[in-house]
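Trainee: Okay, so here is target_6.cif, and as you'll see once you scroll down, it has mmCIF, C-alpha atoms.
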data_upload
loop_
_atom_site.label_atom_id
_atom_site.label_comp_id
_atom_site.auth_asym_id
_atom_site.auth_seq_id
_atom_site.Cartn_x
_atom_site.Cartn_y
_atom_site.Cartn_z
CA MET A 18 -27.99 -57.31 -181.33
CA ASN A 19 -27.83 -60.19 -183.81
CA ARG A 20 -24.09 -60.18 -184.57
CA ALA A 21 -21.77 -62.62 -182.88
CA PRO A 22 -19.48 -61.25 -180.14
CA THR A 23 -15.93 -60.60 -181.21
CA LEU A 24 -12.64 -60.71 -179.33
CA ASP A 25 -12.74 -56.95 -178.92
CA ASP A 26 -16.13 -57.22 -177.25
CA PHE A 27 -14.82 -59.74 -174.76
CA MET A 28 -11.74 -57.63 -174.12
CA LEU A 29 -13.84 -54.54 -173.42
CA ALA A 30 -16.14 -56.55 -171.14
CA GLY A 31 -13.13 -57.98 -169.33
CA ILE A 32 -11.61 -54.53 -168.91
CA ALA A 33 -14.91 -53.28 -167.46
CA LEU A 34 -15.04 -56.16 -164.99
CA ALA A 35 -11.38 -55.67 -164.05
CA CYS A 36 -11.97 -51.97 -163.46
CA GLY A 37 -14.94 -52.83 -161.25
CA LEU A 38 -12.90 -55.29 -159.18
CA LEU A 39 -10.06 -52.77 -158.88
CA ALA A 40 -12.51 -50.08 -157.81
CA ALA A 41 -14.01 -52.45 -155.21
CA PHE A 42 -10.53 -53.20 -153.85
CA LEU A 43 -9.61 -49.52 -153.63
CA LEU A 44 -12.93 -48.67 -152.00
CA ARG A 45 -12.35 -51.30 -149.31
CA ILE A 46 -8.91 -49.82 -148.58
CA LEU A 47 -10.37 -46.31 -148.45
CA LEU A 48 -13.23 -47.35 -146.18
CA ARG A 49 -10.85 -49.23 -143.89
CA TRP A 50 -8.82 -46.03 -143.53
CA LEU A 51 -11.98 -44.05 -142.86
CA GLY A 52 -13.03 -46.63 -140.27
CA LYS A 53 -9.81 -46.11 -138.31
CA HIS A 54 -10.43 -42.36 -138.24
CA ALA A 55 -14.08 -42.91 -137.29
CA ASP A 56 -12.99 -44.98 -134.28
CA ARG A 57 -11.20 -41.92 -132.90
CA THR A 58 -14.31 -39.76 -132.86
CA ARG A 59 -16.75 -39.65 -129.96
CA TRP A 60 -19.83 -40.00 -132.17
CA SER A 61 -20.67 -43.62 -132.94
CA GLY A 62 -22.82 -42.78 -135.96
CA ASP A 63 -19.83 -42.41 -138.30
CA ASP A 64 -18.66 -45.90 -137.31
CA VAL A 65 -22.05 -47.30 -138.28
CA MET A 66 -22.11 -45.57 -141.67
CA VAL A 67 -18.54 -46.54 -142.57
CA ASP A 68 -19.23 -50.15 -141.59
CA ALA A 69 -22.35 -50.24 -143.78
CA LEU A 70 -20.62 -48.58 -146.75
CA ARG A 71 -17.79 -51.08 -146.47
CA SER A 72 -20.16 -53.82 -147.59
CA VAL A 73 -22.29 -51.77 -150.02
CA LEU A 74 -19.85 -49.73 -152.11
CA PRO A 75 -17.52 -52.57 -153.22
CA TRP A 76 -20.48 -54.67 -154.33
CA SER A 77 -21.98 -51.68 -156.10
CA ALA A 78 -18.73 -51.21 -158.02
CA VAL A 79 -18.75 -54.87 -159.10
CA ILE A 80 -22.42 -54.71 -160.11
CA GLY A 81 -21.83 -51.50 -162.06
CA SER A 82 -18.91 -53.02 -163.93
CA ALA A 83 -21.03 -56.07 -164.74
CA ALA A 84 -23.73 -53.78 -166.14
CA VAL A 85 -21.13 -52.03 -168.35
CA ALA A 86 -19.81 -55.40 -169.51
CA GLY A 87 -23.33 -56.54 -170.36
CA ALA A 88 -23.90 -53.35 -172.37
CA VAL A 89 -20.67 -53.84 -174.33
CA LEU A 90 -21.39 -57.43 -175.33
CA PRO A 91 -23.75 -57.95 -178.27
CA LEU A 92 -26.44 -59.79 -176.32
CA THR A 93 -29.91 -60.54 -177.54
CA HIS A 94 -32.80 -58.47 -176.27
CA THR A 95 -34.07 -61.27 -174.01
CA VAL A 96 -30.68 -62.00 -172.48
CA GLN A 97 -29.97 -58.29 -172.05
CA HIS A 98 -33.29 -57.87 -170.25
CA GLN A 99 -32.56 -60.79 -167.92
CA VAL A 100 -29.09 -59.45 -167.15
CA ASN A 101 -30.45 -55.99 -166.41
CA GLN A 102 -33.15 -57.38 -164.15
CA THR A 103 -30.62 -59.50 -162.26
CA LEU A 104 -28.31 -56.53 -161.80
CA LYS A 105 -31.21 -54.36 -160.58
CA VAL A 106 -32.19 -56.99 -158.04
CA LEU A 107 -28.61 -57.28 -156.78
CA THR A 108 -28.33 -53.49 -156.55
CA ILE A 109 -31.58 -53.20 -154.60
CA LEU A 110 -30.47 -56.03 -152.33
CA ALA A 111 -27.11 -54.38 -151.60
CA VAL A 112 -28.70 -50.99 -150.98
CA THR A 113 -31.40 -52.50 -148.75
CA VAL A 114 -28.93 -54.43 -146.63
CA GLY A 115 -26.71 -51.37 -146.31
CA ALA A 116 -29.63 -49.11 -145.40
CA ALA A 117 -30.86 -51.62 -142.83
CA ARG A 118 -27.42 -51.74 -141.22
CA VAL A 119 -27.07 -47.95 -141.20
CA ILE A 120 -30.53 -47.21 -139.80
CA ALA A 121 -30.42 -50.03 -137.24
CA GLY A 122 -26.95 -48.94 -136.17
CA LEU A 123 -28.05 -45.33 -135.75
CA VAL A 124 -31.06 -46.44 -133.71
CA ARG A 125 -28.75 -48.51 -131.50
CA ALA A 126 -26.39 -45.55 -131.10
CA VAL A 127 -29.25 -43.24 -130.11
CA THR A 128 -30.58 -45.86 -127.67
CA ASN A 129 -27.18 -46.30 -126.05
CA SER A 130 -26.58 -42.57 -125.79
CA ARG A 131 -29.90 -42.01 -124.03
CA SER A 132 -29.66 -44.95 -121.67
CA GLY A 133 -25.97 -44.33 -120.98
CA VAL A 134 -25.11 -48.00 -120.69
CA ALA A 135 -23.48 -50.71 -122.74
CA GLY A 136 -26.66 -52.69 -123.17
CA SER A 137 -29.09 -51.75 -125.95
CA ALA A 138 -32.84 -51.94 -126.33
CA THR A 139 -32.89 -54.40 -129.24
CA ILE A 140 -36.64 -54.11 -129.69
CA PHE A 141 -36.29 -50.85 -131.62
CA VAL A 142 -33.25 -52.12 -133.53
CA ASN A 143 -35.02 -55.30 -134.66
CA ILE A 144 -38.23 -53.49 -135.64
CA THR A 145 -36.28 -50.93 -137.68
CA ARG A 146 -34.23 -53.60 -139.46
CA ILE A 147 -37.33 -55.64 -140.32
CA LEU A 148 -39.17 -52.61 -141.70
CA VAL A 149 -36.26 -51.59 -143.96
CA LEU A 150 -35.80 -55.14 -145.26
CA ALA A 151 -39.54 -55.47 -145.91
CA ILE A 152 -39.60 -52.22 -147.90
CA GLY A 153 -36.58 -53.34 -149.91
CA PHE A 154 -38.25 -56.69 -150.63
CA LEU A 155 -41.40 -54.97 -151.90
CA VAL A 156 -39.34 -52.66 -154.12
CA MET A 157 -37.52 -55.71 -155.51
CA LEU A 158 -40.79 -57.41 -156.37
CA GLN A 159 -42.08 -54.25 -158.02
CA THR A 160 -38.88 -54.03 -160.07
CA LEU A 161 -39.37 -57.61 -161.29
CA GLY A 162 -42.86 -56.70 -162.47
CA ILE A 163 -44.69 -58.57 -159.72
CA SER A 164 -47.72 -56.68 -158.44
CA ILE A 165 -47.58 -56.22 -154.68
CA ALA A 166 -51.21 -55.12 -154.26
CA PRO A 167 -52.64 -58.68 -153.98
CA MET A 168 -49.81 -59.57 -151.63
CA LEU A 169 -50.61 -56.63 -149.37
CA THR A 170 -54.27 -57.62 -149.36
CA ALA A 171 -53.39 -61.19 -148.46
CA LEU A 172 -51.06 -59.98 -145.75
CA GLY A 173 -53.82 -57.81 -144.30
CA VAL A 174 -56.26 -60.72 -144.11
CA GLY A 175 -53.61 -63.13 -142.87
CA GLY A 176 -52.32 -60.61 -140.39
CA LEU A 177 -55.65 -60.70 -138.55
CA ALA A 178 -55.40 -64.46 -138.11
CA VAL A 179 -51.79 -64.18 -137.02
CA ALA A 180 -52.68 -61.45 -134.53
CA LEU A 181 -55.35 -63.68 -132.97
CA ALA A 182 -52.93 -66.61 -132.76
CA LEU A 183 -50.09 -64.54 -131.30
CA GLN A 184 -51.95 -62.47 -128.73
CA ASP A 185 -49.42 -63.04 -125.94
CA THR A 186 -46.46 -62.33 -128.22
CA LEU A 187 -48.00 -59.12 -129.54
CA ALA A 188 -48.96 -58.08 -126.01
CA ASN A 189 -45.33 -58.45 -124.94
CA LEU A 190 -44.17 -56.58 -128.05
CA PHE A 191 -46.38 -53.53 -127.46
CA ALA A 192 -45.71 -53.65 -123.72
CA GLY A 193 -41.98 -53.44 -124.45
CA ILE A 194 -42.52 -50.50 -126.79
CA HIS A 195 -44.66 -48.76 -124.17
CA ILE A 196 -42.05 -49.32 -121.44
CA LEU A 197 -39.26 -47.83 -123.53
CA ALA A 198 -41.36 -44.98 -124.93
CA SER A 199 -42.53 -43.93 -121.46
CA LYS A 200 -38.90 -44.12 -120.17
CA THR A 201 -40.01 -45.76 -116.94
CA VAL A 202 -37.33 -48.42 -117.44
CA GLN A 203 -34.18 -48.18 -119.53
CA PRO A 204 -31.30 -50.63 -120.01
CA GLY A 205 -28.86 -50.16 -117.14
CA ASP A 206 -31.49 -49.26 -114.53
CA TYR A 207 -31.64 -51.16 -111.24
CA ILE A 208 -35.21 -52.27 -110.60
CA LYS A 209 -37.05 -54.30 -107.98
CA LEU A 210 -40.43 -55.92 -108.64
CA SER A 211 -43.16 -56.44 -106.09
CA SER A 212 -42.71 -60.20 -106.61
CA GLY A 213 -39.13 -59.94 -105.32
CA GLU A 214 -37.00 -60.04 -108.48
CA GLU A 215 -34.38 -57.30 -108.67
CA GLY A 216 -31.26 -56.44 -110.64
CA TYR A 217 -29.86 -54.40 -113.51
CA VAL A 218 -31.85 -54.29 -116.75
CA GLU A 219 -29.61 -55.81 -119.42
CA ASP A 220 -31.89 -55.63 -122.45
CA ILE A 221 -35.49 -55.10 -123.52
CA ASN A 222 -36.32 -57.00 -126.72
CA TRP A 223 -39.53 -57.73 -128.59
CA ARG A 224 -40.75 -60.34 -126.10
CA GLN A 225 -38.97 -60.11 -122.75
CA THR A 226 -36.83 -58.03 -120.43
CA THR A 227 -33.54 -59.50 -119.20
CA VAL A 228 -32.46 -58.52 -115.70
CA ARG A 229 -29.04 -59.38 -114.23
CA ALA A 230 -29.21 -59.94 -110.48
CA LEU A 231 -26.38 -59.06 -108.13
CA SER A 232 -25.55 -62.78 -108.01
CA ASN A 233 -24.78 -62.48 -111.76
CA ASN A 234 -27.76 -64.65 -112.69
CA LEU A 235 -30.16 -63.63 -115.46
CA VAL A 236 -33.84 -63.17 -114.69
CA VAL A 237 -36.13 -63.22 -117.74
CA ILE A 238 -39.39 -61.27 -117.31
CA PRO A 239 -42.09 -61.07 -120.03
CA ASN A 240 -42.74 -57.47 -121.04
CA GLY A 241 -46.46 -57.80 -120.35
CA GLN A 242 -45.81 -58.90 -116.77
CA LEU A 243 -43.28 -56.11 -116.26
CA ALA A 244 -45.77 -53.51 -117.48
CA LYS A 245 -48.47 -54.69 -115.07
CA THR A 246 -46.48 -55.26 -111.89
CA ASN A 247 -45.54 -52.75 -109.19
CA MET A 248 -41.89 -51.84 -109.59
CA THR A 249 -39.29 -49.63 -107.92
CA ASN A 250 -36.66 -48.05 -110.18
CA PHE A 251 -33.66 -47.06 -108.08
CA MET A 252 -32.15 -44.95 -110.88
CA ARG A 253 -35.11 -42.74 -111.73
CA PRO A 254 -35.46 -39.79 -111.67
CA GLU A 255 -31.73 -39.72 -110.84
CA GLN A 256 -29.03 -42.28 -110.26
CA GLN A 257 -27.77 -40.91 -106.92
CA LEU A 258 -29.68 -41.95 -103.83
CA THR A 259 -29.51 -41.81 -100.03
CA ILE A 260 -29.20 -44.77 -97.68
CA LEU A 261 -30.15 -45.11 -94.03
CA VAL A 262 -27.94 -46.82 -91.44
CA GLN A 263 -29.48 -47.52 -88.03
CA VAL A 264 -27.18 -47.08 -84.98
CA GLY A 265 -27.73 -47.16 -81.22
CA VAL A 266 -25.67 -46.05 -78.19
CA GLY A 267 -26.07 -46.48 -74.45
CA TYR A 268 -28.02 -44.10 -72.23
CA ASP A 269 -24.81 -43.09 -70.47
CA SER A 270 -23.33 -41.69 -73.71
CA ASP A 271 -22.79 -37.99 -74.39
CA LEU A 272 -24.96 -37.48 -77.47
CA GLU A 273 -23.06 -34.38 -78.55
CA HIS A 274 -19.84 -36.38 -78.48
CA VAL A 275 -21.52 -39.26 -80.29
CA GLU A 276 -22.73 -36.97 -83.03
CA GLU A 277 -19.32 -35.34 -83.42
CA VAL A 278 -17.46 -38.67 -83.65
CA THR A 279 -20.01 -40.09 -86.08
CA MET A 280 -19.70 -37.08 -88.39
CA GLU A 281 -15.92 -37.48 -88.44
CA VAL A 282 -16.28 -41.13 -89.46
CA ILE A 283 -18.79 -40.15 -92.16
CA ALA A 284 -16.36 -37.59 -93.57
CA GLU A 285 -13.62 -40.23 -93.79
CA VAL A 286 -15.86 -42.75 -95.53
CA MET A 287 -17.26 -40.21 -97.99
CA THR A 288 -13.72 -39.18 -98.97
CA ASP A 289 -11.98 -42.55 -99.10
CA ILE A 290 -14.56 -45.00 -100.47
CA THR A 291 -15.35 -45.30 -104.17
CA GLY A 292 -19.00 -44.66 -104.95
CA ALA A 293 -19.60 -42.21 -102.12
CA ILE A 294 -20.68 -38.61 -102.76
CA PRO A 295 -18.44 -36.25 -100.76
CA GLU A 296 -20.55 -33.21 -101.65
CA HIS A 297 -23.69 -34.83 -100.24
CA GLU A 298 -24.52 -33.35 -96.83
CA PRO A 299 -24.90 -36.25 -94.36
CA ALA A 300 -27.35 -36.13 -91.48
CA ILE A 301 -27.71 -37.73 -88.06
CA ARG A 302 -31.17 -37.91 -86.49
CA PHE A 303 -31.83 -39.27 -82.98
CA HIS A 304 -35.29 -40.74 -82.91
CA THR A 305 -35.90 -43.49 -80.31
CA PHE A 306 -35.55 -44.15 -76.57
CA GLY A 307 -35.24 -47.90 -76.82
CA ASP A 308 -35.22 -50.61 -74.15
CA SER A 309 -31.44 -50.45 -73.81
CA ARG A 310 -30.22 -47.76 -76.17
CA ILE A 311 -30.88 -44.44 -77.81
CA GLY A 312 -31.39 -45.08 -81.51
CA PHE A 313 -30.48 -42.76 -84.33
CA THR A 314 -30.29 -42.85 -88.12
CA VAL A 315 -27.29 -41.92 -90.25
CA ILE A 316 -28.19 -40.66 -93.75
CA LEU A 317 -25.48 -41.12 -96.41
CA GLY A 318 -25.32 -40.33 -100.12
CA VAL A 319 -24.16 -42.92 -102.68
CA GLY A 320 -23.56 -42.73 -106.41
CA GLU A 321 -25.75 -45.65 -107.41
CA PHE A 322 -27.59 -48.63 -105.94
CA SER A 323 -24.78 -51.20 -105.76
CA ASP A 324 -22.40 -48.75 -104.07
CA GLN A 325 -24.43 -48.81 -100.87
CA PHE A 326 -23.15 -52.25 -99.82
CA ARG A 327 -19.50 -51.22 -99.97
CA ILE A 328 -20.17 -47.93 -98.17
CA LYS A 329 -22.26 -49.53 -95.42
CA HIS A 330 -19.56 -52.16 -94.92
CA GLU A 331 -16.77 -49.61 -94.46
CA PHE A 332 -18.90 -47.21 -92.41
CA ILE A 333 -19.94 -49.86 -89.87
CA LYS A 334 -16.37 -51.15 -89.50
CA ARG A 335 -14.87 -47.72 -89.00
CA LEU A 336 -17.67 -46.52 -86.74
CA HIS A 337 -17.38 -49.58 -84.49
CA LYS A 338 -13.60 -49.15 -84.23
CA ARG A 339 -13.89 -45.42 -83.48
CA TYR A 340 -16.59 -45.97 -80.85
CA ARG A 341 -14.35 -48.43 -79.04
CA GLN A 342 -11.49 -45.93 -79.11
CA GLU A 343 -13.73 -43.15 -77.76
CA GLY A 344 -15.34 -45.35 -75.11
CA ILE A 345 -18.80 -45.07 -76.63
CA ARG A 346 -20.80 -48.16 -75.73
CA ILE A 347 -23.14 -49.96 -78.14
CA PRO A 348 -25.24 -52.00 -75.68
CA ALA A 349 -26.98 -55.23 -76.46
CA PRO A 350 -30.72 -55.44 -75.74
CA THR A 351 -31.49 -56.44 -72.14
CA ARG A 352 -34.70 -57.24 -70.27
CA THR A 353 -35.29 -57.14 -66.52
CA VAL A 354 -37.77 -59.68 -65.15
CA ALA A 355 -39.12 -59.07 -61.60
CA LEU A 356 -40.65 -62.06 -59.81
CA GLN A 357 -42.62 -61.65 -56.60
CA GLN A 358 -42.55 -64.35 -53.98
CA GLY A 359 -45.64 -66.46 -54.07
CA SER A 360 -46.69 -65.39 -57.55
CA LEU A 361 -45.87 -68.81 -59.02
CA PRO A 362 -47.48 -72.15 -58.18
CA GLN A 363 -45.57 -74.47 -55.94
CA GLY A 364 -42.89 -76.35 -57.81
CA ALA A 365 -42.93 -74.00 -60.85
CA VAL A 366 -39.63 -72.64 -62.16
CA ALA A 367 -39.34 -69.11 -63.62
CA ILE A 368 -37.38 -68.99 -66.87
CA PRO A 369 -36.53 -65.41 -67.87
CA GLN A 370 -37.08 -64.52 -71.51
CA GLN A 371 -34.68 -62.41 -73.51
CA ARG A 372 -34.61 -61.20 -77.07
CA ILE A 373 -31.42 -60.47 -79.07
CA PRO A 374 -31.90 -59.18 -82.63
CA GLU A 375 -29.46 -60.84 -85.00
CA ASP A 376 -28.56 -57.57 -86.75
CA GLU A 377 -27.54 -55.73 -83.54
CA PRO A 378 -24.28 -57.25 -82.27
CA GLY A 379 -22.98 -56.03 -78.94
CA GLU A 380 -22.22 -57.12 -75.43
CA VAL A 381 -23.51 -60.32 -73.90
CA PRO A 382 -27.04 -59.60 -72.57
CA SER A 383 -27.64 -59.85 -68.85
CA THR A 384 -30.81 -60.74 -66.97
CA ARG A 385 -31.39 -59.66 -63.37
CA LEU A 386 -33.85 -61.42 -61.09
CA ASP A 387 -35.25 -59.47 -58.17
#
Could you quickly redo this structure as structure tokens?

Mentor:
Amino acid sequence: MNRAPTLDDFMLAGIALACGLLAAFLLRILLRWLGKHADRTRWSGDDVMVDALRSVLPWSAVIGSAAVAGAVLPLTHTVQHQVNQTLKVLTILAVTVGAARVIAGLVRAVTNSRSGVAGSATIFVNITRILVLAIGFLVMLQTLGISIAPMLTALGVGGLAVALALQDTLANLFAGIHILASKTVQPGDYIKLSSGEEGYVEDINWRQTTVRALSNNLVVIPNGQLAKTNMTNFMRPEQQLTILVQVGVGYDSDLEHVEEVTMEVIAEVMTDITGAIPEHEPAIRFHTFGDSRIGFTVILGVGEFSDQFRIKHEFIKRLHKRYRQEGIRIPAPTRTVALQQGSLPQGAVAIPQQRIPEDEPGEVPSTRLD
């Protein structure tokens, strides 16, 4: 248009902008109300979508009102074209950011629901967000009239050089994807590597896996190293596991009585201690005639790896107390050394040897010389 803008034109443009701002304000109030209702649902996907729409819809209302205001004003063809292009770019930017937040949030929700833990596998979230933003950027360039074909060609040639320069980084990236896709390790699992590192998997990102040890320290392991090493996952194929507790009693003990008393202690521990599995059927297996004791193994069921320490602690305390009450003896290792007269050179002194394992407390060992 060639005519000069009038007061009515400015008033109409102002009304359009005011309506857009009012609509943005009302949309924020509506989305805030929807967000409160979404928090009450068990599905986390509605929280993600409401959070993304809270930033997209108000801006879309403002951009739409600006487009109406630009159409009302008698602008020249060049200025009108520039305004329209700017508004298109802003619209694409808002939609791209909102779509990236929605899709990345849904991927995070799916990851959390499958792993069943608070931590998330950010590698999939980051890859999804980058892909959506890249597509939005290409659409924006195409809207501005910039051909993306030469750019894609340049990216293909440059990508080869980048791939050669970032071999270790890309190896860790694809190793992390392979680990998560194969479901050998998921966030929340307790793992132990052949090199000795162990703990709960906190996160698996594009380069490394973060493991939290029981000492609350973080161990950072490159994905490539994790994929190549021997590893034990204590939560696959199921989280519950059995633990073995080694016990020994004297040869003068009534094994039937020992088994009966031990089963009573097991029943108490399985019922009273958090993390135990009462429905798991315990077992007692005598297996060794030792030097000073008859050894047997107690098999207990625990809910997950870290529960075993608490259960072992309570079981050993209660079993030791009950054995003392029942008169069941837990002997310490002893060794009898027989020396014959004249078997040693003149002036030599015989020093008996004895061995006491540190993990088998008991009575003071005795040594008899014949």

Trainee: Which is closest to Leu197 (chain A) among A:Tyr340, A:Tyr217, A:Trp223, A:Tyr268, if we use all atoms listed in the file?

Mentor: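 Counting all atoms listed in the file, the residue closest to Leu197 (chain A) is A:Trp223.
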
Trainee: What is the distance between CA of Arg339 (chain A) and CA of Gly320 (chain A), in Å to one decimal?

Mentor: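 If I compute the distance from CA of Arg339 (chain A) to CA of Gly320 (chain A), I get 25.0 Å.
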
Trainee: With the file shown as input, list the residues that the PyMOL selection byres ((chain A and resi 264) around 7) selects, as a list of chain:residue names.

Mentor: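 Written out, the selection comes to A:Val262, A:Gln263, A:Gly265, A:Gly312, A:Phe313, A:Thr314.
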
Trainee: For Asn233 (chain A), please output as a ChimeraX atom specification all residues within 12 Å (counting only C-alpha atoms; exclusion window: fewer than 5 positions along the same chain).

Mentor: /A:215-219,227-228

Trainee: Could you tell me which residues the PyMOL selection byres ((chain A and resi 41) around 8) grabs in this file, written as a PyMOL selection string?

Mentor: chain A and resi 37-40+42-45+74-76+78-79
